[in-house]
>>> print(open('run-v3.csv').read())   # CSV, C-alpha atoms and all ligand atoms
chain,number,residue,atom,x,y,z
A,242,MET,CA,-36.2,-41.6,22.1
A,243,VAL,CA,-35.7,-45.1,23.5
A,244,SER,CA,-32.3,-45.3,22.0
A,245,PHE,CA,-31.4,-41.9,23.4
A,246,VAL,CA,-32.4,-43.0,26.9
A,247,THR,CA,-30.4,-46.2,26.5
A,248,ARG,CA,-27.4,-44.3,25.2
A,249,PHE,CA,-27.7,-41.7,28.0
A,250,ARG,CA,-27.9,-44.5,30.6
A,251,TYR,CA,-24.9,-46.2,29.0
A,252,THR,CA,-22.9,-43.0,28.9
A,253,PHE,CA,-23.5,-42.3,32.6
A,254,ARG,CA,-23.2,-46.0,33.5
A,255,MET,CA,-26.6,-46.0,35.2
A,256,ASP,CA,-28.9,-48.8,36.3
A,257,LYS,CA,-32.4,-48.8,35.0
A,258,ASN,CA,-33.9,-48.1,38.4
A,259,ASP,CA,-31.3,-45.7,39.6
A,260,LYS,CA,-33.6,-42.7,39.9
A,261,PHE,CA,-31.1,-40.8,42.0
A,262,GLY,CA,-28.5,-41.3,39.3
A,263,TYR,CA,-30.9,-39.7,36.7
A,264,ILE,CA,-31.8,-36.8,38.9
A,265,PHE,CA,-28.2,-36.2,39.9
A,266,THR,CA,-27.0,-36.2,36.3
A,267,ILE,CA,-29.8,-34.0,35.0
A,268,THR,CA,-29.2,-31.5,37.9
A,269,ILE,CA,-25.5,-31.4,37.0
A,270,LEU,CA,-26.3,-30.8,33.3
A,271,LEU,CA,-28.8,-28.1,34.1
A,272,CYS,CA,-26.4,-26.4,36.4
A,273,SER,CA,-23.6,-26.3,33.9
A,274,VAL,CA,-26.0,-25.0,31.2
A,275,LEU,CA,-27.2,-22.3,33.6
A,276,THR,CA,-23.7,-21.2,34.7
A,277,SER,CA,-22.4,-21.0,31.2
A,278,SER,CA,-25.3,-18.9,30.0
A,279,CYS,CA,-24.8,-16.7,33.1
A,280,ALA,CA,-21.1,-16.3,32.3
A,281,GLN,CA,-22.0,-15.2,28.8
A,282,GLU,CA,-24.5,-12.7,30.2
A,283,VAL,CA,-21.7,-11.2,32.5
A,284,GLN,CA,-19.3,-11.0,29.5
A,285,ARG,CA,-21.9,-9.3,27.4
A,286,SER,CA,-22.7,-6.7,30.0
A,287,LYS,CA,-19.0,-6.0,30.4
A,288,ALA,CA,-18.7,-5.1,26.6
A,289,PRO,CA,-18.4,-1.4,26.0
A,290,ILE,CA,-21.7,0.3,25.0
A,291,ALA,CA,-20.1,2.2,22.2
A,292,SER,CA,-16.7,1.6,20.6
A,293,PRO,CA,-14.1,3.9,22.2
A,294,ASP,CA,-13.0,6.9,20.2
A,295,PRO,CA,-10.3,6.0,17.6
A,296,ILE,CA,-6.9,7.3,18.5
A,297,LYS,CA,-6.5,10.9,17.3
A,298,ILE,CA,-3.4,11.5,15.2
A,299,VAL,CA,-1.4,14.4,16.4
A,300,LEU,CA,0.2,16.0,13.3
A,301,LYS,CA,3.9,16.6,13.3
A,302,THR,CA,5.1,20.0,12.4
A,303,GLY,CA,8.9,19.7,12.6
A,304,SER,CA,10.9,20.5,9.5
A,305,ASP,CA,12.5,17.1,9.6
A,306,SER,CA,9.1,15.4,9.2
A,307,ILE,CA,8.0,17.8,6.5
A,308,THR,CA,11.2,17.3,4.5
A,309,ALA,CA,11.0,13.5,4.8
A,310,GLY,CA,7.3,13.7,3.8
A,311,ARG,CA,8.1,15.8,0.8
A,312,THR,CA,10.7,13.3,-0.4
A,313,LEU,CA,8.3,10.4,0.0
A,314,PHE,CA,5.5,12.4,-1.7
A,315,MET,CA,7.7,13.2,-4.7
A,316,GLN,CA,8.5,9.5,-5.1
A,317,LYS,CA,5.1,7.9,-4.4
A,318,CYS,CA,2.3,10.5,-4.9
A,319,SER,CA,3.4,13.3,-7.2
A,320,ASN,CA,3.0,11.2,-10.4
A,321,CYS,CA,-0.8,11.3,-9.8
A,322,HIS,CA,-1.4,14.4,-7.6
A,323,TYR,CA,-0.7,18.0,-8.1
A,324,ILE,CA,0.1,20.1,-5.1
A,325,ASN,CA,0.8,23.5,-6.7
A,326,ASN,CA,-2.5,23.9,-8.5
A,327,ASP,CA,-6.1,22.6,-8.1
A,328,GLU,CA,-6.2,20.6,-11.3
A,329,TYR,CA,-7.1,16.9,-11.3
A,330,PHE,CA,-4.1,14.9,-12.6
A,331,ALA,CA,-4.4,11.1,-12.3
A,332,GLY,CA,-6.1,11.9,-8.9
A,333,PRO,CA,-7.4,15.1,-7.3
A,334,SER,CA,-5.1,18.0,-6.3
A,335,LEU,CA,-3.9,17.7,-2.8
A,336,ARG,CA,-3.1,21.4,-2.3
A,337,GLY,CA,-4.5,22.5,1.0
A,338,ILE,CA,-6.0,19.0,1.5
A,339,LEU,CA,-6.0,19.3,5.3
A,340,LYS,CA,-7.4,22.8,5.3
A,341,ASN,CA,-10.6,21.9,3.4
A,342,PRO,CA,-13.6,20.5,5.3
A,343,LEU,CA,-14.0,17.4,3.1
A,344,LEU,CA,-11.8,15.1,1.1
A,345,PRO,CA,-12.3,15.8,-2.7
A,346,ILE,CA,-13.6,12.4,-3.9
A,347,SER,CA,-15.0,10.4,-1.0
A,348,LYS,CA,-16.4,13.6,0.7
A,349,ARG,CA,-15.3,12.1,4.0
A,350,PRO,CA,-14.1,14.7,6.6
A,351,ALA,CA,-10.6,15.9,5.7
A,352,THR,CA,-8.9,14.5,8.8
A,353,PRO,CA,-5.4,12.9,9.1
A,354,GLU,CA,-7.2,9.7,10.1
A,355,ASN,CA,-9.1,9.6,6.8
A,356,ILE,CA,-6.0,10.4,4.7
A,357,VAL,CA,-4.2,7.5,6.4
A,358,ARG,CA,-7.3,5.4,5.6
A,359,GLN,CA,-7.0,6.5,2.0
A,360,MET,CA,-3.4,5.4,1.8
A,361,ARG,CA,-4.1,2.1,3.4
A,362,HIS,CA,-7.5,1.2,1.9
A,363,PRO,CA,-8.1,3.6,-1.1
A,364,TYR,CA,-11.6,4.7,-1.8
A,365,THR,CA,-11.6,3.4,-5.4
A,366,ASP,CA,-8.7,3.4,-8.0
A,367,MET,CA,-5.7,4.7,-6.1
A,368,PRO,CA,-3.0,2.1,-5.4
A,369,SER,CA,-2.6,1.2,-1.7
A,370,PHE,CA,0.4,2.2,0.4
A,371,VAL,CA,-0.3,-0.3,3.1
A,372,PHE,CA,3.4,-1.0,3.3
A,373,PHE,CA,4.1,2.5,4.6
A,374,SER,CA,5.5,2.5,8.1
A,375,GLU,CA,4.0,4.7,10.9
A,376,ASP,CA,6.9,7.2,10.3
A,377,ASP,CA,6.2,7.3,6.6
A,378,LEU,CA,2.5,8.0,7.3
A,379,MET,CA,3.3,10.7,9.8
A,380,ASN,CA,5.8,12.4,7.5
A,381,ILE,CA,3.4,12.4,4.5
A,382,LEU,CA,0.8,13.9,6.8
A,383,ALA,CA,3.2,16.6,8.1
A,384,PHE,CA,4.0,17.5,4.4
A,385,LEU,CA,0.4,17.5,3.3
A,386,ASN,CA,-0.5,19.7,6.3
A,387,SER,CA,2.2,22.2,5.2
A,388,LEU,CA,0.6,22.7,1.7
B,401,LIG,C1,-1.6,5.9,-9.5
B,401,LIG,C2,-2.1,7.2,-9.1
B,401,LIG,C3,-2.1,7.6,-7.7
B,401,LIG,C4,-1.0,7.6,-6.8
B,401,LIG,C5,0.4,7.1,-7.0
B,401,LIG,C6,-1.6,8.2,-5.6
B,401,LIG,N1,-2.9,8.5,-5.7
B,401,LIG,FE1,-4.1,9.4,-4.3
B,401,LIG,N2,-5.7,9.2,-5.6
B,401,LIG,C7,-5.6,8.7,-6.8
B,401,LIG,C8,-7.0,8.6,-7.3
B,401,LIG,C9,-7.4,8.0,-8.7
B,401,LIG,C10,-7.8,9.1,-6.3
B,401,LIG,C11,-9.4,9.2,-6.3
B,401,LIG,C12,-9.9,8.4,-5.2
B,401,LIG,C13,-9.6,6.9,-5.3
B,401,LIG,O1,-9.6,6.4,-6.5
B,401,LIG,O2,-9.4,6.2,-4.3
B,401,LIG,C14,-6.9,9.6,-5.2
B,401,LIG,C15,-7.4,10.2,-4.1
B,401,LIG,C16,-6.6,10.6,-3.1
B,401,LIG,C17,-7.0,11.4,-1.9
B,401,LIG,C18,-8.4,11.9,-1.7
B,401,LIG,C19,-9.3,10.7,-1.2
B,401,LIG,C20,-10.7,11.1,-0.9
B,401,LIG,O3,-11.2,10.5,0.1
B,401,LIG,O4,-11.3,11.9,-1.6
B,401,LIG,C21,-5.9,11.5,-1.1
B,401,LIG,C22,-5.9,12.2,0.2
B,401,LIG,C23,-4.8,10.9,-1.8
B,401,LIG,N3,-5.2,10.4,-3.0
B,401,LIG,C24,-3.5,10.9,-1.2
B,401,LIG,C25,-2.5,10.2,-1.9
B,401,LIG,C26,-1.2,10.1,-1.3
B,401,LIG,C27,-0.8,10.7,0.1
B,401,LIG,C28,-0.4,9.4,-2.2
B,401,LIG,C29,1.0,9.0,-2.0
B,401,LIG,C30,1.4,8.2,-0.8
B,401,LIG,C31,-1.2,9.1,-3.3
B,401,LIG,N4,-2.5,9.6,-3.1
B,401,LIG,C32,-0.8,8.4,-4.4
B,401,LIG,C33,-4.5,8.2,-7.5
B,401,LIG,C34,-3.3,8.1,-7.0
>>> encode(input="run-v3.csv", output="structure tokens")
Amino acid sequence: MVSFVTRFRYTFRMDKNDKFGYIFTITILLCSVLTSSCAQEVQRSKAPIASPDPIKIVLKTGSDSITAGRTLFMQKCSNCHYINNDEYFAGPSLRGILKNPLLPISKRPATPENIVRQMRHPYTDMPSFVFFSEDDLMNILAFLNSL
């Protein structure tokens, strides 16, 4: 305690009897602590109460997108997923995937957002397609939506 007071006095270059100096410094310290906690309070109250809705994907329906999606699907997905029957291949069939209420394995809602999520961060054993561009993703979705 003594050494703390000494160091405090040394830091603020104060005389032993300089009561004003002590009061002044302590007031300044208290003020800065108060203002910084107030600032935090303001910041916290500005934070959104609930996270905003994630951006909804609007599915493309143009034949260009569907054709590009089909090509990509044949290269990247067809060696594990059937689309013309409901059989499980190396992964579940994707026939009518966006028409069902739930995705087959994870049982998440069958939304474009959740299919993008599956391609980026697969549920379990599927390889990730995190390198797909936005266009690739939109085209694959357009194709899956056409099945
Ligand atoms: C190497 C095999 C393989 C490839 C390639 C593959 N998948 Fe999969 N897929 C799987 C497996 C296995 C599952 C089961 C869930 C899991 O393991 O994540 C699956 C599940 C899925 C599901 C359902 C996920 C759920 O939540 O139920 C979708 C949708 C899907 N794949 C889409 C695709 C698309 C689109 C492509 C091509 C870009 C693709 N997959 C490529 C193996 C594969």
>>> residues_near_point(input="run-v3.csv", point="(12.4, 14.1, 11.1)", cutoff="12 Å", atoms="only C-alpha atoms", output="list in words")
Lys301, Thr302, Gly303, Ser304, Asp305, Ser306, Ile307, Thr308, Ala309, Gly310, Arg311, Thr312, Asp376, Asp377, Met379, Asn380, Ile381, Ala383 and Phe384 of chain A
>>> residues_near_ligand(input="run-v3.csv", ligand="ligand LIG 401 (chain B)", cutoff="10 Å", atoms="all atoms listed in the file", output="MDAnalysis selection string")
chainID A and resid 310 313:323 329:336 338:339 343:353 355:371 373 377:378 381:382 384:385
>>> atom_distance(input="run-v3.csv", atom1="atom CA of Glu354 of chain A", atom2="atom CA of Ile324 of chain A")
19.8 Å
>>> closest_residue(input="run-v3.csv", among="A:Lys297, A:Gly337, A:Asp327, A:Glu375", to="Ser387 of chain A", atoms="only C-alpha atoms")
A:Gly337
>>> build_atoms(input="run-v3.csv", residues="segment 334-360 of chain A", atoms="N, CA and C atoms", output="PDB file, in the frame of the given file")
ATOM      1  N   SER A 334      -6.155  17.141  -6.916  1.00  0.00           N
ATOM      2  CA  SER A 334      -5.100  18.000  -6.300  1.00  0.00           C
ATOM      3  C   SER A 334      -5.107  17.817  -4.822  1.00  0.00           C
ATOM      4  N   LEU A 335      -3.928  17.793  -4.217  1.00  0.00           N
ATOM      5  CA  LEU A 335      -3.900  17.700  -2.800  1.00  0.00           C
ATOM      6  C   LEU A 335      -3.447  19.011  -2.121  1.00  0.00           C
ATOM      7  N   ARG A 336      -3.511  20.063  -2.906  1.00  0.00           N
ATOM      8  CA  ARG A 336      -3.100  21.400  -2.300  1.00  0.00           C
ATOM      9  C   ARG A 336      -4.159  21.730  -1.227  1.00  0.00           C
ATOM     10  N   GLY A 337      -3.634  22.070  -0.074  1.00  0.00           N
ATOM     11  CA  GLY A 337      -4.500  22.500   1.000  1.00  0.00           C
ATOM     12  C   GLY A 337      -5.441  21.389   1.517  1.00  0.00           C
ATOM     13  N   ILE A 338      -5.078  20.132   1.265  1.00  0.00           N
ATOM     14  CA  ILE A 338      -6.000  19.000   1.500  1.00  0.00           C
ATOM     15  C   ILE A 338      -6.515  18.978   2.972  1.00  0.00           C
ATOM     16  N   LEU A 339      -5.629  19.330   3.924  1.00  0.00           N
ATOM     17  CA  LEU A 339      -6.000  19.300   5.300  1.00  0.00           C
ATOM     18  C   LEU A 339      -6.711  20.583   5.795  1.00  0.00           C
ATOM     19  N   LYS A 340      -6.809  21.539   4.880  1.00  0.00           N
ATOM     20  CA  LYS A 340      -7.400  22.800   5.300  1.00  0.00           C
ATOM     21  C   LYS A 340      -8.900  22.847   4.810  1.00  0.00           C
ATOM     22  N   ASN A 341      -9.236  21.943   3.856  1.00  0.00           N
ATOM     23  CA  ASN A 341     -10.600  21.900   3.400  1.00  0.00           C
ATOM     24  C   ASN A 341     -11.448  21.071   4.403  1.00  0.00           C
ATOM     25  N   PRO A 342     -12.764  21.287   4.427  1.00  0.00           N
ATOM     26  CA  PRO A 342     -13.600  20.500   5.300  1.00  0.00           C
ATOM     27  C   PRO A 342     -13.695  19.021   4.903  1.00  0.00           C
ATOM     28  N   LEU A 343     -13.773  18.787   3.579  1.00  0.00           N
ATOM     29  CA  LEU A 343     -14.000  17.400   3.100  1.00  0.00           C
ATOM     30  C   LEU A 343     -12.917  16.977   2.125  1.00  0.00           C
ATOM     31  N   LEU A 344     -12.687  15.670   2.069  1.00  0.00           N
ATOM     32  CA  LEU A 344     -11.800  15.100   1.100  1.00  0.00           C
ATOM     33  C   LEU A 344     -12.486  15.205  -0.304  1.00  0.00           C
ATOM     34  N   PRO A 345     -11.700  15.393  -1.383  1.00  0.00           N
ATOM     35  CA  PRO A 345     -12.300  15.800  -2.700  1.00  0.00           C
ATOM     36  C   PRO A 345     -13.220  14.697  -3.294  1.00  0.00           C
ATOM     37  N   ILE A 346     -12.847  13.426  -3.189  1.00  0.00           N
ATOM     38  CA  ILE A 346     -13.600  12.400  -3.900  1.00  0.00           C
ATOM     39  C   ILE A 346     -14.620  11.690  -3.020  1.00  0.00           C
ATOM     40  N   SER A 347     -14.122  11.184  -1.906  1.00  0.00           N
ATOM     41  CA  SER A 347     -15.000  10.400  -1.000  1.00  0.00           C
ATOM     42  C   SER A 347     -15.970  11.303  -0.246  1.00  0.00           C
ATOM     43  N   LYS A 348     -15.615  12.589  -0.125  1.00  0.00           N
ATOM     44  CA  LYS A 348     -16.400  13.600   0.700  1.00  0.00           C
ATOM     45  C   LYS A 348     -16.420  13.182   2.163  1.00  0.00           C
ATOM     46  N   ARG A 349     -15.420  12.383   2.583  1.00  0.00           N
ATOM     47  CA  ARG A 349     -15.300  12.100   4.000  1.00  0.00           C
ATOM     48  C   ARG A 349     -14.638  13.382   4.637  1.00  0.00           C
ATOM     49  N   PRO A 350     -14.787  13.577   5.960  1.00  0.00           N
ATOM     50  CA  PRO A 350     -14.100  14.700   6.600  1.00  0.00           C
ATOM     51  C   PRO A 350     -12.621  14.689   6.307  1.00  0.00           C
ATOM     52  N   ALA A 351     -12.046  15.860   6.002  1.00  0.00           N
ATOM     53  CA  ALA A 351     -10.600  15.900   5.700  1.00  0.00           C
ATOM     54  C   ALA A 351      -9.808  15.888   6.977  1.00  0.00           C
ATOM     55  N   THR A 352      -9.655  14.699   7.554  1.00  0.00           N
ATOM     56  CA  THR A 352      -8.900  14.500   8.800  1.00  0.00           C
ATOM     57  C   THR A 352      -7.654  13.693   8.482  1.00  0.00           C
ATOM     58  N   PRO A 353      -6.606  13.798   9.324  1.00  0.00           N
ATOM     59  CA  PRO A 353      -5.400  12.900   9.100  1.00  0.00           C
ATOM     60  C   PRO A 353      -5.821  11.464   9.119  1.00  0.00           C
ATOM     61  N   GLU A 354      -6.781  11.100   9.963  1.00  0.00           N
ATOM     62  CA  GLU A 354      -7.200   9.700  10.100  1.00  0.00           C
ATOM     63  C   GLU A 354      -7.753   9.203   8.708  1.00  0.00           C
ATOM     64  N   ASN A 355      -8.558  10.052   8.054  1.00  0.00           N
ATOM     65  CA  ASN A 355      -9.100   9.600   6.800  1.00  0.00           C
ATOM     66  C   ASN A 355      -8.120   9.618   5.646  1.00  0.00           C
ATOM     67  N   ILE A 356      -7.071  10.429   5.766  1.00  0.00           N
ATOM     68  CA  ILE A 356      -6.000  10.400   4.700  1.00  0.00           C
ATOM     69  C   ILE A 356      -5.189   9.109   4.916  1.00  0.00           C
ATOM     70  N   VAL A 357      -4.931   8.754   6.171  1.00  0.00           N
ATOM     71  CA  VAL A 357      -4.200   7.500   6.400  1.00  0.00           C
ATOM     72  C   VAL A 357      -5.093   6.324   5.876  1.00  0.00           C
ATOM     73  N   ARG A 358      -6.371   6.405   6.122  1.00  0.00           N
ATOM     74  CA  ARG A 358      -7.300   5.400   5.600  1.00  0.00           C
ATOM     75  C   ARG A 358      -7.203   5.279   4.089  1.00  0.00           C
ATOM     76  N   GLN A 359      -7.154   6.441   3.420  1.00  0.00           N
ATOM     77  CA  GLN A 359      -7.000   6.500   2.000  1.00  0.00           C
ATOM     78  C   GLN A 359      -5.746   5.786   1.502  1.00  0.00           C
ATOM     79  N   MET A 360      -4.653   6.040   2.230  1.00  0.00           N
ATOM     80  CA  MET A 360      -3.400   5.400   1.800  1.00  0.00           C
ATOM     81  C   MET A 360      -3.399   3.917   2.058  1.00  0.00           C
TER      82      MET A 360
END
